[in-house]
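J.: Structure incoming, see below.
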Amino acid sequence: MPHFLRFFLCLVLFSTVSRAQTVLTGKITDLSTGQLLSGVNILLPDGSGTVSDMHGQYRLTFEQPGTYELRVSYIGFEMRRQKIVITGEGSQRLDLALRQNSQILQQVVVTASRFEQKREQLTISTTVIKPSDVTANNSVTADDILNRTPGIHVLRGQISIRGSSGYTLGVGSRVMMLLDGLPLLTAESGEVRWNFIPIENVEQIEVIKGSGSALYGSSALGGVVHFRSAMPDSIPQTKFTWFNTFYDRPPSFHTDPWAGGQPPVAVGMSLSHRQRFGKLDFVGSLNVVGDQGYRVGEPSKRVRGNVHFRYQLAKGLHVGLSASHLIDSTRLYTFWESDTNAFVPAAGSTNPQLNSRSMVDPYITWEGKRSKHSLRNRFYRSYTNYNNEDFGLGEMYYSEYQFQHRFSIPWASSSVLTAGLVNQRNLIRSDRLFGTQNTDNRSAYAQFDQEIGRFTYGIGLRHEQFIVNGRLKEQNPIARAGFNVRLWKGFSLRSSYGQGFRSPSVAEMFSNTFIGSVRLASDPTLLPESSRAFEVGFLQNFKLGGFEGQLDVAWFRTDYSHMIEYNFGVFLPGVYDAQDSIWIAAGNINALAGKYARFQPGNIVDSYISGIEAILSGKGQWNNWGVQFQLGYTYTNPINKNPPLSTFQLPVDLMRFLKYRYLHLVRTDVQLQYKRLMLGANVRYNSVILNIDEDFYRFMPGLSAYRLRSIKGDLLADLRVGMAVNTFFNLNFIVRNAGNRSWMPIPGNIGEQRNFVIQMQCSF
């Protein structure tokens, strides 16, 4: 054979081999039952892949030989990563078995003790919220998803865990808010800006229900909410979510301000990406929302961006930097024109605001075999422009060094010491709002946790100084202790005691401004709050065939000293001026009330909140059907031991309740799934708030009549239906407040009417 012919045949053979395809086939089964699973996603790192058919069979084609990693995922089962070597042969086979997901039974939490623990080992009540909960309810801001969580309600931005807080216009929080372990409360007002939190990239939200001051300092006496951001793994991940909200007409009782026109709408999108480049981890997200507002005169627009870089310098040694920025334009709605015209604000009761929030977090961590050191820092700048008439600027400089060591003790399976030093400096500046102020918080803390057989206990101590304008205002040692014992498989009994405290915010001590038409006053003589919290509870895990569940029951009581509560009052003068007389003659009570109304903080000497909470959650998978649910009920008894006398001669039994608390809260969520289809419902019940500021009755039109009509409380239901179109694309339709019920969270502020949400989500 001539040489050129041999060469030609070699080229043909080589090209044929190089174009040869390998077909990978196999079946997917349930590891525990051996049942074939249909609709299972089998993905490659580049995002391509396939789905198992109705017989559990799959087929993948590979163009080139090599080593590949398969990512196999299915609802109700643990995701499996499987490496396979493609040899270049014509066909290969790989059968895979998936393990049923035990997320409910095996939830891991870090906030309770600052290191990973299973829920069944915790000494204090904890609730975990997953990203799927955020998406299912189209929670555009973090407070929306928290308001659907058992034991929690949010009143006009003020979060309350088991009745810990009332209504304070967002000034001063009794719940510590954390993002990746660092505080989120603003320097000037001690509030959380909910739309600043990047929930589009959250891995898990952990809620600690009880005093966390020993570990997290001031403001944690009512609990802790920790937003933990997701970090990349070996496979890049991108998520894109778009939604459009259409507000319905108001409930029939109210006047329709959009009669003859179109009701308002809202539209928004979020984009997040996570990827690992060798030793560098990158996370980025973008969120844009435009909302015309469900009431007249409160449109809002915002843009938020977040980035996070983490680099591995050496084994166990990482440096990182994260940064966030928010621009938010809105109008703050104060109260209605009347109960019938509740979707229109009273004259002069909206306040335009332009907000910007910036945050930069540099850090370094080193983790060895038994020890861990971390130095984390946060610069947080919050700026608010009030209609170009005044401004508030707050800057927080936060640094925390933490040391953690795991001891090797023969009789204990785990022994962990956590200790740290914290320095926080707040610089506040404004024209008339706060003036120029500065505060310092300095603290040291230590906690020891140990597990011996079925017994776990933890003890902690913290000392903190609170300094205002260079003068020491308060310093306190506080302690906590708790234990947990697993009496038998799946059952654990826990008990905890924790002291707490909160220093008043700059806004509570020095503010002098208007919220809409109401003056927000202050009191520089305010005393810090302190508390003692007790809890006894149990956790019961159970499994029945393809169903697993968890029952969590707790009794709790918190005693407060010098609790800071806001009081609304209209202090009329002995002699009216000419303008007052004109308003009185014209019947313009709103203008008169706005001129002389005050919203001012004060200390309550002694109070307590006790109650009981029960949460039943579960999930199951049978053939192509799946179900998951959470049912939560919370009863609280919030008592003021020294109640004031009633202006309207209301009974003492009513006045003794702390203001703006619910006695009964019900939070439920149920979701059914069949193959790629989903149907769900979120139902919430709030009993009526028994005690509010009485001067609201005098000057807020229609308030008394509205509260009498709503004496049985509010029952709200959201419905949702969705479909997984393919591996990468989901389409959902949500009806919020499906019954179009009229409800009022706080006096003069009507809740949102029924609205329809179209949501699209892409993941690749």
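Here, A, B, ... name the chains of the structure tokens in the order displayed, residue numbers run from 1 inside each chain, and ligands are numbered from 1 in the same displayed order.
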I want to know what sits within 10 Å of range 106-110 of chain A, based on only C-alpha atoms, with residues of the same chain fewer than 6 positions away left out; could you give that as a ChimeraX atom specification?
T.: /A:116-122,126-128,181,204-208,226,228,541
J.: Generate a file of the selected residues that holds C-alpha atoms, formatted as a PDB file, in the first residue's frame.
T.:
ATOM      1  CA  GLU A 116     -22.300  24.543  63.779  1.00  0.00           C
ATOM      2  CA  GLN A 117     -24.806  22.561  65.859  1.00  0.00           C
ATOM      3  CA  LYS A 118     -27.759  20.373  64.984  1.00  0.00           C
ATOM      4  CA  ARG A 119     -31.103  21.791  66.052  1.00  0.00           C
ATOM      5  CA  GLU A 120     -31.730  18.831  68.325  1.00  0.00           C
ATOM      6  CA  GLN A 121     -28.632  19.867  70.349  1.00  0.00           C
ATOM      7  CA  LEU A 122     -29.566  23.537  70.871  1.00  0.00           C
ATOM      8  CA  THR A 126     -34.430  28.406  66.869  1.00  0.00           C
ATOM      9  CA  THR A 127     -36.237  28.663  63.532  1.00  0.00           C
ATOM     10  CA  VAL A 128     -34.566  28.187  60.142  1.00  0.00           C
ATOM     11  CA  GLY A 181     -22.146  37.483  61.676  1.00  0.00           C
ATOM     12  CA  GLN A 204     -30.204  30.394  55.348  1.00  0.00           C
ATOM     13  CA  ILE A 205     -31.954  32.723  57.813  1.00  0.00           C
ATOM     14  CA  GLU A 206     -31.560  31.685  61.461  1.00  0.00           C
ATOM     15  CA  VAL A 207     -33.873  33.123  64.106  1.00  0.00           C
ATOM     16  CA  ILE A 208     -32.919  32.813  67.781  1.00  0.00           C
ATOM     17  CA  HIS A 226     -28.956  36.081  61.192  1.00  0.00           C
ATOM     18  CA  ARG A 228     -26.154  33.914  56.149  1.00  0.00           C
ATOM     19  CA  ASN A 541     -38.377  14.338  65.500  1.00  0.00           C
TER      20      ASN A 541
END
J.: Determine, counting only C-alpha atoms, which protein, DNA and RNA residues have an atom within 10 Å of an atom of Asp523 in chain A; residues of the same chain fewer than 3 positions away are not included. Present the result as JSON, numbers by chain.
T.: {"A": [504, 506, 507, 508, 509, 510, 511, 526, 527, 600, 601, 602, 603]}
J.: Go through range 101-156 of chain A and flag each residue having an atom no more than 10 Å from range 676-687 of chain A; for those, report the closest pair of atoms plus their distance in Å to one decimal, using only C-alpha atoms, ordered by chain and rising number, as CSV.
T.:
residue,atom,partner,partner_atom,distance
A:Ala136,CA,A:Gly680,CA,8.4
A:Asn137,CA,A:Asn682,CA,8.0
A:Asn147,CA,A:Arg684,CA,9.1
A:Arg148,CA,A:Arg684,CA,7.1
A:Thr149,CA,A:Arg684,CA,9.3
A:Pro150,CA,A:Arg684,CA,9.3
A:His153,CA,A:Asn686,CA,8.9
J.: Leaving out range 446-454 of chain A and any residue of its chain fewer than 6 positions from it, which residues lie within 8 Å of it when counting only C-alpha atoms, given as a PyMOL selection string?
T.: chain A and resi 113+215+411-420+460-462+485-487
J.: I'd like the neighbourhood of Asp653 in chain A as a ChimeraX atom specification, where a residue qualifies if any of its atoms comes within 12 Å (using only C-alpha atoms), though same-chain residues fewer than 5 positions away should be ignored.
T.: /A:638-646,658,690-691
J.: Store the residues picked out above in a file with N, CA and C atoms, as a compact mmCIF listing (two decimals), in the first residue's frame.
T.:
# COMPACT_ATOMS: atom_id res chain seq x y z
N PRO A 638 -48.36 39.90 77.36
CA PRO A 638 -47.46 41.04 77.61
C PRO A 638 -48.03 41.99 78.67
N ILE A 639 -47.39 42.06 79.82
CA ILE A 639 -47.98 42.75 80.97
C ILE A 639 -47.10 43.92 81.42
N ASN A 640 -47.73 45.08 81.59
CA ASN A 640 -47.13 46.24 82.23
C ASN A 640 -47.52 46.21 83.70
N LYS A 641 -46.54 46.05 84.59
CA LYS A 641 -46.85 45.92 86.02
C LYS A 641 -47.33 47.22 86.64
N ASN A 642 -47.07 48.35 85.98
CA ASN A 642 -47.52 49.65 86.49
C ASN A 642 -48.29 50.37 85.39
N PRO A 643 -49.49 49.88 85.04
CA PRO A 643 -50.23 50.46 83.91
C PRO A 643 -50.73 51.87 84.21
N PRO A 644 -50.76 52.74 83.20
CA PRO A 644 -51.29 54.09 83.41
C PRO A 644 -52.82 54.06 83.47
N LEU A 645 -53.39 55.15 83.98
CA LEU A 645 -54.85 55.27 83.99
C LEU A 645 -55.34 55.64 82.60
N SER A 646 -56.54 55.19 82.27
CA SER A 646 -57.10 55.42 80.96
C SER A 646 -57.78 56.77 80.87
N LEU A 658 -49.09 45.52 77.54
CA LEU A 658 -48.16 46.36 76.80
C LEU A 658 -48.75 46.69 75.44
N LEU A 690 -54.88 44.74 71.67
CA LEU A 690 -55.80 45.20 72.71
C LEU A 690 -55.52 46.61 73.18
N ASN A 691 -54.27 47.02 73.22
CA ASN A 691 -53.93 48.30 73.81
C ASN A 691 -53.11 49.13 72.83
J.: For Val721 in chain A, which residue among A:Ser495, A:Asn351, A:Gln57, A:Gln671 is the nearest when counting only C-alpha atoms?
T.: A:Gln671
J.: Could you check the closest approach to Phe534 in chain A for each of A:Tyr608, A:Tyr398, A:Phe547, A:Trp743 and tell me which residue wins, using only C-alpha atoms?
T.: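 Under the stated criterion, the closest residue is A:Tyr608.
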J.: Just the alpha helix (DSSP H) stuff from range 305-523 of chain A, please, per backbone DSSP, written as a VMD selection string.
T.: chain A and resid 506 to 510
J.: Figure out the distance between CA of Phe466 in chain A and CA of Phe391 in chain A, please, to one decimal in Å.
T.: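 Separation between CA of Phe391 in chain A and CA of Phe466 in chain A: 25.1 Å.
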